[in-house]
Each structure stands twice: as structure tokens, then as C-alpha cells.
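Visitor: I have a structure I would like to understand better, so I am pasting it below and will then ask my questions one at a time.
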Amino acid sequence: MHRWDGPRACPKYFPGIGQERRSYWKLSCSSPVKLTVLAAVLPGTGKDPLVRLAKTADADGVYPLILPGLDGGEVVGHFQLFDEAAVDAMNVATHLLQVPESLAYLLEAAGAVALERAGAILESRV
């Protein structure tokens with residue numbers, strides 16, 4: 001069980017996601033919004049990263065972004081600077097996109113105004 005206690009805990013039960021559908025997580029933290037964000041990212045924690053950044057620069061002086069595989073991995077991009085935090089964020093975002101329930105929790109945490117504005121932005125792009 002994952003638990004995060006804030007100064008004023010507000011416990012909430014979230015249905016388990018993926019293989020844990022039959023169970024419930026009891027989470028608590030200092031605010032309902034943070035709690036919902038935690039429920040969104042929790043299913044992606046502890047999983048293998050979807051992409052990783054090479055620890056050393058290649059011959060061109062850039063850091064390869066690697067999609068791991070059985071054959072060692074495929075280079076799918078390059079970073080000018082070594083930035084593991086950006087790659088970690090990419091992995092979190094990708095996990096959110098792969099689990100619709102997680103994405104729904106994140107959108108719920110964003111709130112109505114953010115959803116309305118995001119909808120307008122998306123509408124202008126399509």
C-alpha cells in the first residue's frame with residue numbers, strides 16, 4: 001500500500017488499476033487535488049522506464065535517448081544536455097497516456113477551468 005500523509009490527511013479510496021482492479025488503495029495527503037494526482041501517477045511507479053537517457057555523450061557530443069529492447073535498445077532521439085529529469089517526466093507522461101483511468105484522474109485534478117481551456121486549445125489544433 002502506498003501512503004502519503006500531509007499535515008492534514010484527507011483519506012480517499014481509489015479503485016486499483018490494472019492487475020490490482022479487485023483491490024483498493026487507501027491514500028491520504030494534504031489536499032484532494034494532490035491526492036488525485038497521486039492516484040494518477042501511482043500505477044506507473046515501479047515499472048521499467050519506457051525510454052532512458054545514455055549516461056555518456058556519443059561521438060557527436062549529444063546524449064542518445066534510448067527505447068530499451070532485447071537487442072540493447074533503439075536510439076529514438078538525442079538530448080543536447082544530460083537531463084534525466086526531463087526523461088523521467090516523459091516516462092510519467094507516457095504511463096499516464098497508456099492507462100485511461102490514470103489520465104482521467106489527472107484531468108479530474110486539473111479542474112474545470114483547465115479542462116475548458118485545454119479543450120479550446122485542442123479544438124483550435126484540429
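Chain lettering (A, B, ...) mirrors the order of the C-alpha cells, residue numbering begins at 1 for each chain separately, and ligand numbering begins at 1 in order of display.
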Please identify all polymer residues within 10 Å of Leu103 in chain A, counting only C-alpha atoms, omitting same-chain residues fewer than 4 positions from it, and present them as a list in words.
Guide: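 Result of the neighbour search: Val37, Ala39, Ala40, Val41, Ala93, His95, Leu96, Leu97, Gln98, Val99, Leu107, Glu108 and Ala109 of chain A.
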Visitor: Near Gly73 in chain A, within 10 Å and counting only C-alpha atoms, which residues show up once chain neighbours fewer than 5 positions away are dropped, as number ranges by chain?
Guide: A: 51-52, 65-68
Visitor: Which residue gives the smallest distance to Asp58 in chain A among A:Val126, A:Leu42, A:Val75, A:Ala114, with only C-alpha atoms counted?
Guide: A:Val75
Visitor: I'd like to know which residues of range 15-125 of chain A are alpha helix (DSSP H) (by DSSP, run on the backbone); could you write them as a PyMOL selection string?
Guide: chain A and resi 32-41+84-98+100-110+112-125
Visitor: For the residues in the current selection, export C-alpha atoms as a compact mmCIF listing (two decimals), in the first residue's frame.
Guide:
# COMPACT_ATOMS: atom_id res chain seq x y z
CA PRO A 32 -7.80 16.42 -2.53
CA VAL A 33 -6.06 17.70 -5.69
CA LYS A 34 -2.68 16.28 -4.65
CA LEU A 35 -4.41 13.08 -3.68
CA THR A 36 -5.98 12.74 -7.14
CA VAL A 37 -2.63 13.46 -8.84
CA LEU A 38 -1.05 10.77 -6.67
CA ALA A 39 -3.76 8.32 -7.75
CA ALA A 40 -2.98 9.22 -11.38
CA VAL A 41 0.77 8.58 -11.20
CA GLU A 84 17.38 12.84 -16.55
CA ALA A 85 14.53 14.84 -15.01
CA ALA A 86 13.09 15.52 -18.47
CA VAL A 87 13.30 11.82 -19.36
CA ASP A 88 11.66 10.89 -16.04
CA ALA A 89 8.83 13.33 -16.87
CA MET A 90 8.50 11.76 -20.34
CA ASN A 91 8.15 8.34 -18.72
CA VAL A 92 5.48 9.56 -16.28
CA ALA A 93 3.53 11.24 -19.09
CA THR A 94 3.75 8.13 -21.27
CA HIS A 95 2.49 5.92 -18.45
CA LEU A 96 -0.42 8.35 -17.93
CA LEU A 97 -1.30 8.09 -21.62
CA GLN A 98 -1.23 4.28 -21.51
CA PRO A 100 -7.01 5.74 -19.29
CA GLU A 101 -8.02 5.66 -15.60
CA SER A 102 -4.78 7.42 -14.68
CA LEU A 103 -5.32 10.08 -17.32
CA ALA A 104 -8.88 10.57 -16.05
CA TYR A 105 -7.58 11.15 -12.50
CA LEU A 106 -5.08 13.69 -13.79
CA LEU A 107 -7.76 15.54 -15.77
CA GLU A 108 -10.03 15.49 -12.72
CA ALA A 109 -7.24 17.07 -10.66
CA ALA A 110 -6.74 19.77 -13.32
CA ALA A 112 -12.97 22.52 -14.86
CA VAL A 113 -11.24 25.75 -15.93
CA ALA A 114 -8.09 23.95 -17.07
CA LEU A 115 -10.16 21.35 -18.93
CA GLU A 116 -12.16 24.07 -20.67
CA ARG A 117 -9.01 25.91 -21.75
CA ALA A 118 -7.30 22.70 -22.86
CA GLY A 119 -10.42 21.82 -24.87
CA ALA A 120 -10.28 25.18 -26.64
CA ILE A 121 -6.59 24.70 -27.44
CA LEU A 122 -7.23 21.21 -28.82
CA GLU A 123 -10.20 22.44 -30.85
CA SER A 124 -8.03 25.09 -32.50
CA ARG A 125 -5.46 22.43 -33.47
Visitor: Provide the CA of Glu74 in chain A to CA of Pro49 in chain A distance in Å, to one decimal place.
Guide: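 Separation between CA of Glu74 in chain A and CA of Pro49 in chain A: 13.8 Å.
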